[in-house]
Protein chains: 2
Amino acid sequence: MNSLKLYTEYIELELTKVDFPKEPTNLYDPLRYFLTLGGKRIRPVMTLLGAELFGTPKEVVISQALSIEVFHNFTLIHDDIMDDAPKRRNKQTVHDKWDTSIAILSGDALIIKAYELLSQIDPIKLPLAFALLNKTALEVCEGQTMDTDFETQEDVTIAKYIEMIRLKTSVLLGASLKMGALIAGASEKDQNNLYNFGQNIGIAFQIQDDILDLYADPDKFGKQVGGDVIANKKTLLHLTAIGKATLEHREIMNQLQNEDNLNFKVSRTTQMFDQLKVKEDCQLMMQDYYKRAMKSLDAIEIDSDEKITLIELAEFLIERNV
Amino acid sequence: MNSLKLYTEYIELELTKVDFPKEPTNLYDPLRYFLTLGGKRIRPVMTLLGAELFGTPKEVVISQALSIEVFHNFTLIHDDIMDDAPKRRNKQTVHDKWDTSIAILSGDALIIKAYELLSQIDPIKLPLAFALLNKTALEVCEGQTMDTDFETQEDVTIAKYIEMIRLKTSVLLGASLKMGALIAGASEKDQNNLYNFGQNIGIAFQIQDDILDLYADPDKFGKQVGGDVIANKKTLLHLTAIGKATLEHREIMNQLQNEDNLNFKVSRTTQMFDQLKVKEDCQLMMQDYYKRAMKSLDAIEIDSDEKITLIELAEFLIERNV
C-alpha cells in the first residue's frame, strides 16, 4: 500500500496547484474550499497507474488525472444539492456553507475546469481523451438520474440496480484507468481490458458498500450502521431480499418501511435478511464482479509484475472491513 | 434580413437533429423540450457568419454552431433555477415543469453535449476551438456570479456593471463569431477583430435592453415596462442616475425602493431619470460600444461587401424599438 500512498500524495500536491482566479470570490472560493476537503483520490491515482502500466511516467498524464478528479468533485457538489446533504467528509457542503445558486454555478465552473485540465495534452491524443470524458460524463448523469428515479419506482430490478451503479460510479473508474492507458499509447484491446477491470472493480466496490452499510462493525464504521435501511433505500440487499421473500416477509418489509423505532427497524430487517441469506448472495455477486475484473486484468498483454499495484488497489477498495 | 432568416431556419432544422438517447427520460426529455422552445438563435447564426466571412461554408461549422447554442441553453436552464423563474419564452421552465434536481442534472448533461458537439471538428482545429469554449464558458459563470452578487452589493459602479454584462453575455457573442472564423482559418488578428465586434455589439445590446425595460412602447413590449425598476435592479439606468443624483434625489430613490404603489414607483422613477437625462447618457454609451464594434469590423481585412450580413445582424440586435 506504500506505493499507492505516494501516488495519492502526489495528486494531493498537484491538486493544490490547480489555479483559480481570485475573483469573483463567490464562484472560486467554494471550489478552493471543496477541492481541499480530501477524499481517497482513487480516480486520478488510477489514471497515473493506467499510464505507468504502459511505460508512461505519471507526470505526463497528471493534468488528465486532475481533470478526472475535478470532474468527480463537480458531480459531488451538484449531488449534494440534490440530496440536500449538509455534510461531505464531515465538512459543510457548498450549498450549505454558501447557497444553492452558488453551488450550482461553482459546480458548473468546475466541470469547465475539468475540460480545461483535460485539454493540456499532446494534441494528437486530444480527440480520443475528449471523447472518453464526454461519453463517461454523460453516463454519470444518466446513472445519477436513475438513482433519483429509483426512489419513487416500485419495479426496480437487480439488473437495473447494477446498471445504475455501473453508470453512476463504475464507468468513471474504468475511464480513469483507460485515460492513462490511452495517453500512454496502449493498444485498444488493452485499453478496453483495463476499462473493464476498473468498471467491474467499481461495481464490486459498490456492492461491498451496500453490504457494509448494514453489516459493518459499528465501532469502526464512520456513520450509522443501517442508514440505508432507515432511509428505505432500494439497495442490493433490499432488492435481493425482495426477490427471495415470501408473501409474509414482504408484508413485514412493508410494515417496517413506516417503523418509527429505528433500532427495531434495523435489527428486525437484519434478522430477516439473515434468514433469507441476503448477505451471502450479495457477497457472491461481489466476488463475481471481482473475478471478472481480475480476468480483464489478466488479459492485458504486459508482464504480470507490472500489475501488482492495480491488484493492491483492487484489494484496498474491496477488502475493507469498515 | 432575409438572409438572416435563412440562417436561423437552418439552425432550427439542424438543432432538431441533435440526438439524445431515449432513456432515462427524466434526463433527456427536459433537454428535448427546452431546445425546442425557440429563441433567436443569434449565437449559432454568428458562428455560421464568422465562417462564411472567411470563405468556409456553414455546413463545415454547423456542429460548433450548435455546440454554442446548446451551451447557451445549458446556462439558461441553470439561470432559471437560480432566478426561480417559472417561465421562459412563455413556456414553463425545466425546474418548474419537472423539479430542481432534474433541472440541475439536465443542465449538466447539456453542457457535456455542448462539448460533444464541439468535438465533431477537424482534429487540427480542436485545441483552439476547445480553448475558446473553455475560456468563454468560465467567463460566463463569472458574469452570472457578478450579476447575483450585485443584488446585495452597495458599491456597484458603472465600470463593474459593464464588466458584468461583458462576461455574462457579450463574450459568448464574440466567441460565437470567433469560433466560425477560427475554423475557417482566419488570421489571429481578424479573429480578434471579429471577437471584439461581437463583444461590443453584445454590450450595446445589453445597454439597449436596460433602456427598453423602462422606455419601450408598452403596447409592443412583451413584458411589463419598468420591471427592472419594480425589482430594484441595479441596471445601467439606475447606476447612471445614482452617479448624477443630488442628495435629495438619492433620498427619493431610497424611498422608492420600498414603494408599494408600483405604477407610482415606475412613473416617479421615470420622471427623475428624465430630469437627470439618464436615458440620453445610456444611449450615448450604447452608441459608443456600437461604434467600437463597427471599428473592429472595419479593421477586418476582407472586402466590405462581405460584411453586410454582419452589419444587418448588428442593426437587427440594436435598432429594435421594443
# chains A, B, ... in the order shown; residues from 1 in each chain; ligands from 1
>>> residues_around(residues="A:Ala184", least_positions_apart="6", cutoff="8 Å", atoms="only C-alpha atoms", output="PDB file with N, CA and C atoms, in the first residue's frame")
ATOM      1  N   ALA A  51      -1.319   4.856 -16.941  1.00  0.00           N
ATOM      2  CA  ALA A  51      -0.236   5.309 -17.820  1.00  0.00           C
ATOM      3  C   ALA A  51       1.056   4.547 -17.534  1.00  0.00           C
ATOM      4  N   GLU A  52       1.378   4.407 -16.237  1.00  0.00           N
ATOM      5  CA  GLU A  52       2.642   3.751 -15.870  1.00  0.00           C
ATOM      6  C   GLU A  52       2.661   2.276 -16.279  1.00  0.00           C
ATOM      7  N   PHE A  54       1.816   1.171 -18.940  1.00  0.00           N
ATOM      8  CA  PHE A  54       2.315   1.102 -20.314  1.00  0.00           C
ATOM      9  C   PHE A  54       3.532   2.001 -20.511  1.00  0.00           C
ATOM     10  N   GLY A  55       4.262   2.180 -19.418  1.00  0.00           N
ATOM     11  CA  GLY A  55       5.580   2.803 -19.530  1.00  0.00           C
ATOM     12  C   GLY A  55       5.596   4.316 -19.622  1.00  0.00           C
ATOM     13  N   THR A  56       4.477   4.969 -19.378  1.00  0.00           N
ATOM     14  CA  THR A  56       4.459   6.429 -19.438  1.00  0.00           C
ATOM     15  C   THR A  56       4.454   7.007 -18.026  1.00  0.00           C
TER      16      THR A  56
END
>>> interface_residues(of="chain B", to="chain A", cutoff="6 Å", atoms="only C-alpha atoms", output="MDAnalysis selection string")
chainID B and resid 82 101 109 138
>>> write_last_selection(atoms="N, CA and C atoms", output="compact mmCIF listing (two decimals), in the first residue's frame")
# COMPACT_ATOMS: atom_id res chain seq x y z
N MET B 82 -31.75 29.49 -10.59
CA MET B 82 -31.22 30.50 -9.66
C MET B 82 -32.17 31.68 -9.52
N SER B 101 -33.82 19.21 -9.04
CA SER B 101 -32.78 18.21 -9.25
C SER B 101 -32.68 17.85 -10.73
N ALA B 109 -26.02 17.66 -18.22
CA ALA B 109 -25.93 16.82 -19.43
C ALA B 109 -25.80 17.71 -20.67
N LEU B 138 -16.09 29.70 -18.74
CA LEU B 138 -15.74 30.16 -17.38
C LEU B 138 -16.12 31.63 -17.18
>>> residues_around(residues="A:Tyr7", least_positions_apart="6", cutoff="12 Å", atoms="only C-alpha atoms", output="number ranges by chain")
A: 1, 13-14, 40-49, 52, 57-59, 62, 65, 309, 313
>>> write_last_selection(atoms="C-alpha atoms", output="CSV table (one decimal), in the first residue's frame")
chain,number,residue,atom,x,y,z
A,1,MET,CA,0.0,0.0,0.0
A,13,LEU,CA,0.1,18.2,-4.0
A,14,GLU,CA,-0.7,18.8,-7.7
A,40,LYS,CA,-9.3,9.0,-1.4
A,41,ARG,CA,-8.3,10.5,-4.8
A,42,ILE,CA,-8.7,6.9,-6.2
A,43,ARG,CA,-9.7,8.1,-9.7
A,44,PRO,CA,-6.7,10.3,-10.5
A,45,VAL,CA,-4.4,7.7,-9.0
A,46,MET,CA,-5.9,5.2,-11.4
A,47,THR,CA,-5.0,7.5,-14.3
A,48,LEU,CA,-1.4,7.6,-13.2
A,49,LEU,CA,-1.4,3.8,-12.8
A,52,GLU,CA,2.6,3.8,-15.9
A,57,PRO,CA,5.5,8.4,-16.3
A,58,LYS,CA,2.9,9.9,-14.1
A,59,GLU,CA,4.0,13.5,-14.9
A,62,ILE,CA,-1.1,14.5,-14.4
A,65,ALA,CA,-5.7,12.7,-13.8
A,309,THR,CA,-0.1,-2.1,-7.8
A,313,LEU,CA,-5.7,-1.1,-5.4
>>> residues_around(residues="B:Tyr161", least_positions_apart="6", cutoff="10 Å", atoms="only C-alpha atoms", output="list in words")
Gly143, Met146, Asp147, Phe150, Leu167, Lys234, Thr235, Leu236 and Leu239 of chain B
>>> write_last_selection(atoms="N, CA and C atoms", output="PDB file, in the first residue's frame")
ATOM      1  N   GLY B 143     -19.571  36.062 -14.963  1.00  0.00           N
ATOM      2  CA  GLY B 143     -20.556  37.123 -15.171  1.00  0.00           C
ATOM      3  C   GLY B 143     -21.853  36.855 -14.419  1.00  0.00           C
ATOM      4  N   MET B 146     -21.245  37.562 -10.770  1.00  0.00           N
ATOM      5  CA  MET B 146     -21.229  39.009 -10.504  1.00  0.00           C
ATOM      6  C   MET B 146     -22.656  39.557 -10.477  1.00  0.00           C
ATOM      7  N   ASP B 147     -23.476  39.119 -11.438  1.00  0.00           N
ATOM      8  CA  ASP B 147     -24.864  39.594 -11.513  1.00  0.00           C
ATOM      9  C   ASP B 147     -25.608  39.279 -10.213  1.00  0.00           C
ATOM     10  N   PHE B 150     -24.319  41.423  -7.292  1.00  0.00           N
ATOM     11  CA  PHE B 150     -24.745  42.822  -7.328  1.00  0.00           C
ATOM     12  C   PHE B 150     -26.021  43.070  -6.526  1.00  0.00           C
ATOM     13  N   LEU B 167     -19.054  39.870 -19.415  1.00  0.00           N
ATOM     14  CA  LEU B 167     -18.798  38.461 -19.120  1.00  0.00           C
ATOM     15  C   LEU B 167     -20.063  37.613 -19.257  1.00  0.00           C
ATOM     16  N   LYS B 234     -30.168  46.895 -10.202  1.00  0.00           N
ATOM     17  CA  LYS B 234     -29.127  47.898 -10.440  1.00  0.00           C
ATOM     18  C   LYS B 234     -28.742  47.869 -11.913  1.00  0.00           C
ATOM     19  N   THR B 235     -29.624  48.432 -12.759  1.00  0.00           N
ATOM     20  CA  THR B 235     -29.345  48.486 -14.194  1.00  0.00           C
ATOM     21  C   THR B 235     -28.442  49.674 -14.491  1.00  0.00           C
ATOM     22  N   LEU B 236     -28.046  49.787 -15.747  1.00  0.00           N
ATOM     23  CA  LEU B 236     -27.216  50.934 -16.132  1.00  0.00           C
ATOM     24  C   LEU B 236     -27.965  52.245 -15.917  1.00  0.00           C
ATOM     25  N   LEU B 239     -27.683  52.975 -12.179  1.00  0.00           N
ATOM     26  CA  LEU B 239     -26.319  53.361 -11.786  1.00  0.00           C
ATOM     27  C   LEU B 239     -25.954  54.737 -12.329  1.00  0.00           C
TER      28      LEU B 239
END
>>> atom_distance(atom1="atom CA of A:Leu310", atom2="atom CA of A:Lys291")
13.9 Å
>>> select_by_dssp(residues="stretch 61-213 of chain B", states="strand (DSSP E or B)", output="PyMOL selection string")
chain B and resi 87-88+91-92
>>> atom_distance(atom1="atom CA of A:Met285", atom2="atom CA of A:Asn258")
29.3 Å
>>> residues_around(residues="A:Ile308", least_positions_apart="6", cutoff="12 Å", atoms="only C-alpha atoms", output="MDAnalysis selection string")
chainID A and resid 1 3:4 49 52:53 294 297:298 302 314:315
>>> closest_residue(among="A:Gln283, A:Thr240, A:Gln92, A:Gln199", to="A:Ile158", atoms="only C-alpha atoms")
A:Thr240
>>> select_by_dssp(residues="stretch 219-293 of chain B", states="alpha helix (DSSP H)", output="ChimeraX atom specification")
/B:227-230,236-244,247-257,262-275,278-293
>>> write_last_selection(atoms="N, CA and C atoms", output="compact mmCIF listing (two decimals), in the first residue's frame")
# COMPACT_ATOMS: atom_id res chain seq x y z
N GLY B 227 -40.14 46.77 -15.32
CA GLY B 227 -39.91 45.57 -14.50
C GLY B 227 -38.64 45.68 -13.66
N ASP B 228 -37.57 46.21 -14.25
CA ASP B 228 -36.30 46.35 -13.54
C ASP B 228 -36.43 47.33 -12.37
N VAL B 229 -37.17 48.43 -12.59
CA VAL B 229 -37.38 49.41 -11.53
C VAL B 229 -38.15 48.77 -10.38
N ILE B 230 -39.22 48.06 -10.73
CA ILE B 230 -40.05 47.40 -9.71
C ILE B 230 -39.20 46.43 -8.89
N LEU B 236 -28.05 49.79 -15.75
CA LEU B 236 -27.22 50.93 -16.13
C LEU B 236 -27.97 52.25 -15.92
N LEU B 237 -29.30 52.24 -16.16
CA LEU B 237 -30.10 53.45 -15.91
C LEU B 237 -29.97 53.85 -14.44
N HIS B 238 -30.17 52.88 -13.57
CA HIS B 238 -30.11 53.13 -12.12
C HIS B 238 -28.73 53.65 -11.72
N LEU B 239 -27.68 52.98 -12.18
CA LEU B 239 -26.32 53.36 -11.79
C LEU B 239 -25.95 54.74 -12.33
N THR B 240 -26.42 55.03 -13.55
CA THR B 240 -26.18 56.36 -14.12
C THR B 240 -26.89 57.43 -13.30
N ALA B 241 -28.13 57.12 -12.92
CA ALA B 241 -28.89 58.07 -12.09
C ALA B 241 -28.17 58.32 -10.77
N ILE B 242 -27.74 57.25 -10.12
CA ILE B 242 -27.02 57.37 -8.85
C ILE B 242 -25.82 58.31 -9.00
N GLY B 243 -25.10 58.15 -10.10
CA GLY B 243 -23.91 58.94 -10.34
C GLY B 243 -24.18 60.44 -10.47
N LYS B 244 -25.37 60.78 -10.96
CA LYS B 244 -25.70 62.19 -11.21
C LYS B 244 -26.62 62.78 -10.14
N LEU B 247 -28.25 64.84 -3.32
CA LEU B 247 -28.61 64.16 -2.08
C LEU B 247 -30.11 63.94 -2.00
N GLU B 248 -30.85 64.96 -2.48
CA GLU B 248 -32.32 64.89 -2.45
C GLU B 248 -32.83 63.75 -3.35
N HIS B 249 -32.26 63.69 -4.56
CA HIS B 249 -32.63 62.60 -5.48
C HIS B 249 -32.39 61.22 -4.85
N ARG B 250 -31.23 61.11 -4.22
CA ARG B 250 -30.87 59.81 -3.62
C ARG B 250 -31.87 59.41 -2.55
N GLU B 251 -32.31 60.41 -1.81
CA GLU B 251 -33.29 60.13 -0.76
C GLU B 251 -34.60 59.61 -1.37
N ILE B 252 -35.01 60.28 -2.45
CA ILE B 252 -36.23 59.83 -3.14
C ILE B 252 -36.04 58.41 -3.67
N MET B 253 -34.88 58.17 -4.28
CA MET B 253 -34.62 56.83 -4.82
C MET B 253 -34.66 55.77 -3.72
N ASN B 254 -34.09 56.11 -2.57
CA ASN B 254 -34.13 55.16 -1.44
C ASN B 254 -35.55 54.88 -1.00
N GLN B 255 -36.35 55.96 -0.92
CA GLN B 255 -37.75 55.77 -0.52
C GLN B 255 -38.50 54.91 -1.53
N LEU B 256 -38.24 55.16 -2.81
CA LEU B 256 -38.97 54.44 -3.87
C LEU B 256 -38.68 52.93 -3.86
N GLN B 257 -37.51 52.57 -3.32
CA GLN B 257 -37.17 51.13 -3.25
C GLN B 257 -38.27 50.33 -2.54
N LEU B 262 -46.91 50.38 -7.39
CA LEU B 262 -45.90 50.12 -8.42
C LEU B 262 -45.99 51.09 -9.59
N ASN B 263 -47.22 51.49 -9.95
CA ASN B 263 -47.36 52.48 -11.03
C ASN B 263 -46.67 53.79 -10.66
N PHE B 264 -46.89 54.20 -9.40
CA PHE B 264 -46.24 55.42 -8.94
C PHE B 264 -44.73 55.25 -8.90
N LYS B 265 -44.29 54.08 -8.43
CA LYS B 265 -42.86 53.80 -8.35
C LYS B 265 -42.20 53.96 -9.72
N VAL B 266 -42.83 53.38 -10.76
CA VAL B 266 -42.27 53.45 -12.10
C VAL B 266 -42.34 54.88 -12.65
N SER B 267 -43.50 55.54 -12.48
CA SER B 267 -43.64 56.87 -13.09
C SER B 267 -42.75 57.90 -12.39
N ARG B 268 -42.63 57.80 -11.06
CA ARG B 268 -41.78 58.74 -10.32
C ARG B 268 -40.31 58.54 -10.66
N THR B 269 -39.92 57.26 -10.81
CA THR B 269 -38.53 56.96 -11.20
C THR B 269 -38.25 57.50 -12.60
N THR B 270 -39.18 57.26 -13.52
CA THR B 270 -39.01 57.74 -14.89
C THR B 270 -38.85 59.26 -14.91
N GLN B 271 -39.71 59.91 -14.13
CA GLN B 271 -39.67 61.37 -14.05
C GLN B 271 -38.28 61.86 -13.61
N MET B 272 -37.77 61.22 -12.59
CA MET B 272 -36.47 61.61 -12.07
C MET B 272 -35.36 61.31 -13.08
N PHE B 273 -35.43 60.12 -13.69
CA PHE B 273 -34.43 59.75 -14.71
C PHE B 273 -34.47 60.77 -15.86
N ASP B 274 -35.67 61.18 -16.25
CA ASP B 274 -35.80 62.17 -17.34
C ASP B 274 -35.11 63.48 -16.96
N GLN B 275 -35.38 63.88 -15.72
CA GLN B 275 -34.78 65.11 -15.20
C GLN B 275 -33.25 65.04 -15.26
N VAL B 278 -30.90 60.58 -17.88
CA VAL B 278 -30.26 59.27 -17.75
C VAL B 278 -30.34 58.48 -19.06
N LYS B 279 -31.51 58.53 -19.69
CA LYS B 279 -31.69 57.78 -20.94
C LYS B 279 -30.67 58.23 -21.99
N GLU B 280 -30.51 59.56 -22.11
CA GLU B 280 -29.59 60.10 -23.12
C GLU B 280 -28.15 59.63 -22.85
N ASP B 281 -27.75 59.65 -21.58
CA ASP B 281 -26.40 59.18 -21.22
C ASP B 281 -26.20 57.71 -21.63
N CYS B 282 -27.22 56.91 -21.33
CA CYS B 282 -27.10 55.48 -21.64
C CYS B 282 -27.08 55.26 -23.15
N GLN B 283 -27.87 56.06 -23.87
CA GLN B 283 -27.86 55.93 -25.32
C GLN B 283 -26.49 56.30 -25.90
N LEU B 284 -25.86 57.30 -25.30
CA LEU B 284 -24.51 57.66 -25.75
C LEU B 284 -23.53 56.52 -25.51
N MET B 285 -23.64 55.89 -24.35
CA MET B 285 -22.76 54.75 -24.07
C MET B 285 -23.01 53.63 -25.07
N MET B 286 -24.30 53.39 -25.32
CA MET B 286 -24.65 52.33 -26.27
C MET B 286 -24.03 52.62 -27.63
N GLN B 287 -24.18 53.88 -28.08
CA GLN B 287 -23.63 54.24 -29.39
C GLN B 287 -22.11 54.12 -29.41
N ASP B 288 -21.50 54.42 -28.28
CA ASP B 288 -20.06 54.29 -28.19
C ASP B 288 -19.63 52.83 -28.42
N TYR B 289 -20.31 51.89 -27.76
CA TYR B 289 -19.96 50.47 -27.96
C TYR B 289 -20.30 50.02 -29.38
N TYR B 290 -21.38 50.58 -29.93
CA TYR B 290 -21.74 50.25 -31.31
C TYR B 290 -20.63 50.71 -32.26
N LYS B 291 -20.14 51.93 -32.02
CA LYS B 291 -19.06 52.45 -32.87
C LYS B 291 -17.79 51.61 -32.75
N ARG B 292 -17.48 51.24 -31.51
CA ARG B 292 -16.29 50.38 -31.32
C ARG B 292 -16.44 49.08 -32.12
N ALA B 293 -17.66 48.53 -32.07
CA ALA B 293 -17.93 47.29 -32.81
C ALA B 293 -17.67 47.51 -34.29
>>> closest_residue(among="B:Leu35, B:Val94, B:Val156, B:Ala299", to="B:His72", atoms="only C-alpha atoms")
B:Leu35
>>> residues_around(residues="A:Ala216", least_positions_apart="3", cutoff="12 Å", atoms="only C-alpha atoms", output="ChimeraX atom specification")
/A:208-213,219-227,279,320-322
>>> write_last_selection(atoms="N, CA and C atoms", output="PDB file, in the first residue's frame")
ATOM      1  N   GLN A 208     -20.090  -4.015  -2.121  1.00  0.00           N
ATOM      2  CA  GLN A 208     -19.476  -4.049  -0.794  1.00  0.00           C
ATOM      3  C   GLN A 208     -19.995  -2.891   0.066  1.00  0.00           C
ATOM      4  N   ASP A 209     -20.145  -1.740  -0.571  1.00  0.00           N
ATOM      5  CA  ASP A 209     -20.637  -0.551   0.108  1.00  0.00           C
ATOM      6  C   ASP A 209     -22.040  -0.800   0.677  1.00  0.00           C
ATOM      7  N   ASP A 210     -22.879  -1.418  -0.136  1.00  0.00           N
ATOM      8  CA  ASP A 210     -24.237  -1.745   0.302  1.00  0.00           C
ATOM      9  C   ASP A 210     -24.214  -2.726   1.477  1.00  0.00           C
ATOM     10  N   ILE A 211     -23.348  -3.739   1.368  1.00  0.00           N
ATOM     11  CA  ILE A 211     -23.265  -4.750   2.432  1.00  0.00           C
ATOM     12  C   ILE A 211     -22.800  -4.104   3.737  1.00  0.00           C
ATOM     13  N   LEU A 212     -21.732  -3.291   3.625  1.00  0.00           N
ATOM     14  CA  LEU A 212     -21.157  -2.686   4.834  1.00  0.00           C
ATOM     15  C   LEU A 212     -22.129  -1.735   5.526  1.00  0.00           C
ATOM     16  N   ASP A 213     -22.990  -1.116   4.754  1.00  0.00           N
ATOM     17  CA  ASP A 213     -23.913  -0.166   5.367  1.00  0.00           C
ATOM     18  C   ASP A 213     -24.730  -0.833   6.477  1.00  0.00           C
ATOM     19  N   ASP A 219     -18.285  -0.067  15.634  1.00  0.00           N
ATOM     20  CA  ASP A 219     -17.215   0.686  16.293  1.00  0.00           C
ATOM     21  C   ASP A 219     -16.242   1.294  15.285  1.00  0.00           C
ATOM     22  N   LYS A 220     -16.139   0.662  14.103  1.00  0.00           N
ATOM     23  CA  LYS A 220     -15.175   1.145  13.116  1.00  0.00           C
ATOM     24  C   LYS A 220     -15.837   1.952  11.999  1.00  0.00           C
ATOM     25  N   PHE A 221     -17.162   1.782  11.829  1.00  0.00           N
ATOM     26  CA  PHE A 221     -17.880   2.411  10.729  1.00  0.00           C
ATOM     27  C   PHE A 221     -18.069   3.902  11.023  1.00  0.00           C
ATOM     28  N   GLY A 222     -17.757   4.744  10.070  1.00  0.00           N
ATOM     29  CA  GLY A 222     -17.807   6.196  10.285  1.00  0.00           C
ATOM     30  C   GLY A 222     -19.206   6.742  10.458  1.00  0.00           C
ATOM     31  N   LYS A 223     -20.202   6.022   9.958  1.00  0.00           N
ATOM     32  CA  LYS A 223     -21.569   6.543  10.051  1.00  0.00           C
ATOM     33  C   LYS A 223     -22.481   5.502  10.668  1.00  0.00           C
ATOM     34  N   GLN A 224     -23.756   5.857  10.802  1.00  0.00           N
ATOM     35  CA  GLN A 224     -24.712   4.954  11.442  1.00  0.00           C
ATOM     36  C   GLN A 224     -24.875   3.654  10.641  1.00  0.00           C
ATOM     37  N   VAL A 225     -24.698   2.519  11.290  1.00  0.00           N
ATOM     38  CA  VAL A 225     -24.950   1.241  10.630  1.00  0.00           C
ATOM     39  C   VAL A 225     -26.455   1.112  10.389  1.00  0.00           C
ATOM     40  N   GLY A 226     -26.811   0.715   9.160  1.00  0.00           N
ATOM     41  CA  GLY A 226     -28.236   0.568   8.832  1.00  0.00           C
ATOM     42  C   GLY A 226     -28.864   1.832   8.273  1.00  0.00           C
ATOM     43  N   GLY A 227     -28.038   2.806   7.927  1.00  0.00           N
ATOM     44  CA  GLY A 227     -28.554   4.071   7.382  1.00  0.00           C
ATOM     45  C   GLY A 227     -29.444   3.867   6.159  1.00  0.00           C
ATOM     46  N   LYS A 279     -27.057 -11.472   2.656  1.00  0.00           N
ATOM     47  CA  LYS A 279     -25.660 -11.037   2.664  1.00  0.00           C
ATOM     48  C   LYS A 279     -24.796 -11.986   1.821  1.00  0.00           C
ATOM     49  N   ARG A 320     -12.088  -3.981   2.457  1.00  0.00           N
ATOM     50  CA  ARG A 320     -12.149  -3.147   3.660  1.00  0.00           C
ATOM     51  C   ARG A 320     -13.234  -3.738   4.562  1.00  0.00           C
ATOM     52  N   ASN A 321     -12.990  -3.707   5.836  1.00  0.00           N
ATOM     53  CA  ASN A 321     -13.971  -4.261   6.768  1.00  0.00           C
ATOM     54  C   ASN A 321     -14.939  -3.214   7.273  1.00  0.00           C
ATOM     55  N   VAL A 322     -14.576  -1.974   7.105  1.00  0.00           N
ATOM     56  CA  VAL A 322     -15.497  -0.906   7.521  1.00  0.00           C
ATOM     57  C   VAL A 322     -15.927  -0.123   6.299  1.00  0.00           C
TER      58      VAL A 322
END
>>> residues_around(residues="B:Arg166", least_positions_apart="4", cutoff="10 Å", atoms="only C-alpha atoms", output="count of residues only")
17
>>> decode(residues="stretch 4-22 of chain B", atoms="N, CA and C atoms", output="mmCIF file, in the first residue's frame")
data_model
loop_
_atom_site.group_PDB
_atom_site.id
_atom_site.type_symbol
_atom_site.label_atom_id
_atom_site.label_comp_id
_atom_site.auth_asym_id
_atom_site.auth_seq_id
_atom_site.Cartn_x
_atom_site.Cartn_y
_atom_site.Cartn_z
ATOM 1 N N LEU B 4 -30.595 36.456 -42.935
ATOM 2 C CA LEU B 4 -30.505 36.028 -41.540
ATOM 3 C C LEU B 4 -31.586 35.000 -41.212
ATOM 4 N N LYS B 5 -32.780 35.224 -41.783
ATOM 5 C CA LYS B 5 -33.896 34.296 -41.537
ATOM 6 C C LYS B 5 -33.538 32.884 -42.046
ATOM 7 N N LEU B 6 -32.891 32.846 -43.193
ATOM 8 C CA LEU B 6 -32.500 31.551 -43.757
ATOM 9 C C LEU B 6 -31.494 30.834 -42.849
ATOM 10 N N TYR B 7 -30.540 31.610 -42.320
ATOM 11 C CA TYR B 7 -29.566 31.021 -41.391
ATOM 12 C C TYR B 7 -30.259 30.480 -40.143
ATOM 13 N N THR B 8 -31.200 31.264 -39.626
ATOM 14 C CA THR B 8 -31.908 30.846 -38.416
ATOM 15 C C THR B 8 -32.690 29.557 -38.665
ATOM 16 N N GLU B 9 -33.338 29.497 -39.829
ATOM 17 C CA GLU B 9 -34.097 28.283 -40.159
ATOM 18 C C GLU B 9 -33.182 27.067 -40.281
ATOM 19 N N TYR B 10 -32.000 27.295 -40.835
ATOM 20 C CA TYR B 10 -31.023 26.204 -40.961
ATOM 21 C C TYR B 10 -30.627 25.689 -39.572
ATOM 22 N N ILE B 11 -30.364 26.629 -38.651
ATOM 23 C CA ILE B 11 -30.006 26.239 -37.277
ATOM 24 C C ILE B 11 -31.164 25.471 -36.637
ATOM 25 N N GLU B 12 -32.370 26.014 -36.773
ATOM 26 C CA GLU B 12 -33.560 25.381 -36.183
ATOM 27 C C GLU B 12 -33.681 23.929 -36.661
ATOM 28 N N LEU B 13 -33.470 23.732 -37.964
ATOM 29 C CA LEU B 13 -33.573 22.395 -38.551
ATOM 30 C C LEU B 13 -32.486 21.471 -38.001
ATOM 31 N N GLU B 14 -31.252 21.970 -37.985
ATOM 32 C CA GLU B 14 -30.135 21.130 -37.532
ATOM 33 C C GLU B 14 -30.242 20.816 -36.042
ATOM 34 N N LEU B 15 -30.830 21.738 -35.307
ATOM 35 C CA LEU B 15 -30.999 21.536 -33.868
ATOM 36 C C LEU B 15 -31.937 20.359 -33.588
ATOM 37 N N THR B 16 -32.914 20.169 -34.473
ATOM 38 C CA THR B 16 -33.839 19.033 -34.279
ATOM 39 C C THR B 16 -33.117 17.707 -34.502
ATOM 40 N N LYS B 17 -31.966 17.763 -35.175
ATOM 41 C CA LYS B 17 -31.235 16.511 -35.450
ATOM 42 C C LYS B 17 -30.261 16.149 -34.333
ATOM 43 N N VAL B 18 -30.059 17.074 -33.382
ATOM 44 C CA VAL B 18 -29.164 16.742 -32.263
ATOM 45 C C VAL B 18 -29.786 15.579 -31.497
ATOM 46 N N ASP B 19 -28.985 14.550 -31.344
ATOM 47 C CA ASP B 19 -29.524 13.272 -30.906
ATOM 48 C C ASP B 19 -29.331 13.054 -29.407
ATOM 49 N N PHE B 20 -30.408 12.699 -28.728
ATOM 50 C CA PHE B 20 -30.304 12.302 -27.323
ATOM 51 C C PHE B 20 -30.868 10.890 -27.164
ATOM 52 N N PRO B 21 -30.305 10.090 -26.276
ATOM 53 C CA PRO B 21 -30.867 8.765 -26.022
ATOM 54 C C PRO B 21 -32.305 8.899 -25.513
ATOM 55 N N LYS B 22 -33.078 7.832 -25.627
ATOM 56 C CA LYS B 22 -34.465 7.862 -25.160
ATOM 57 C C LYS B 22 -34.507 7.876 -23.624
#
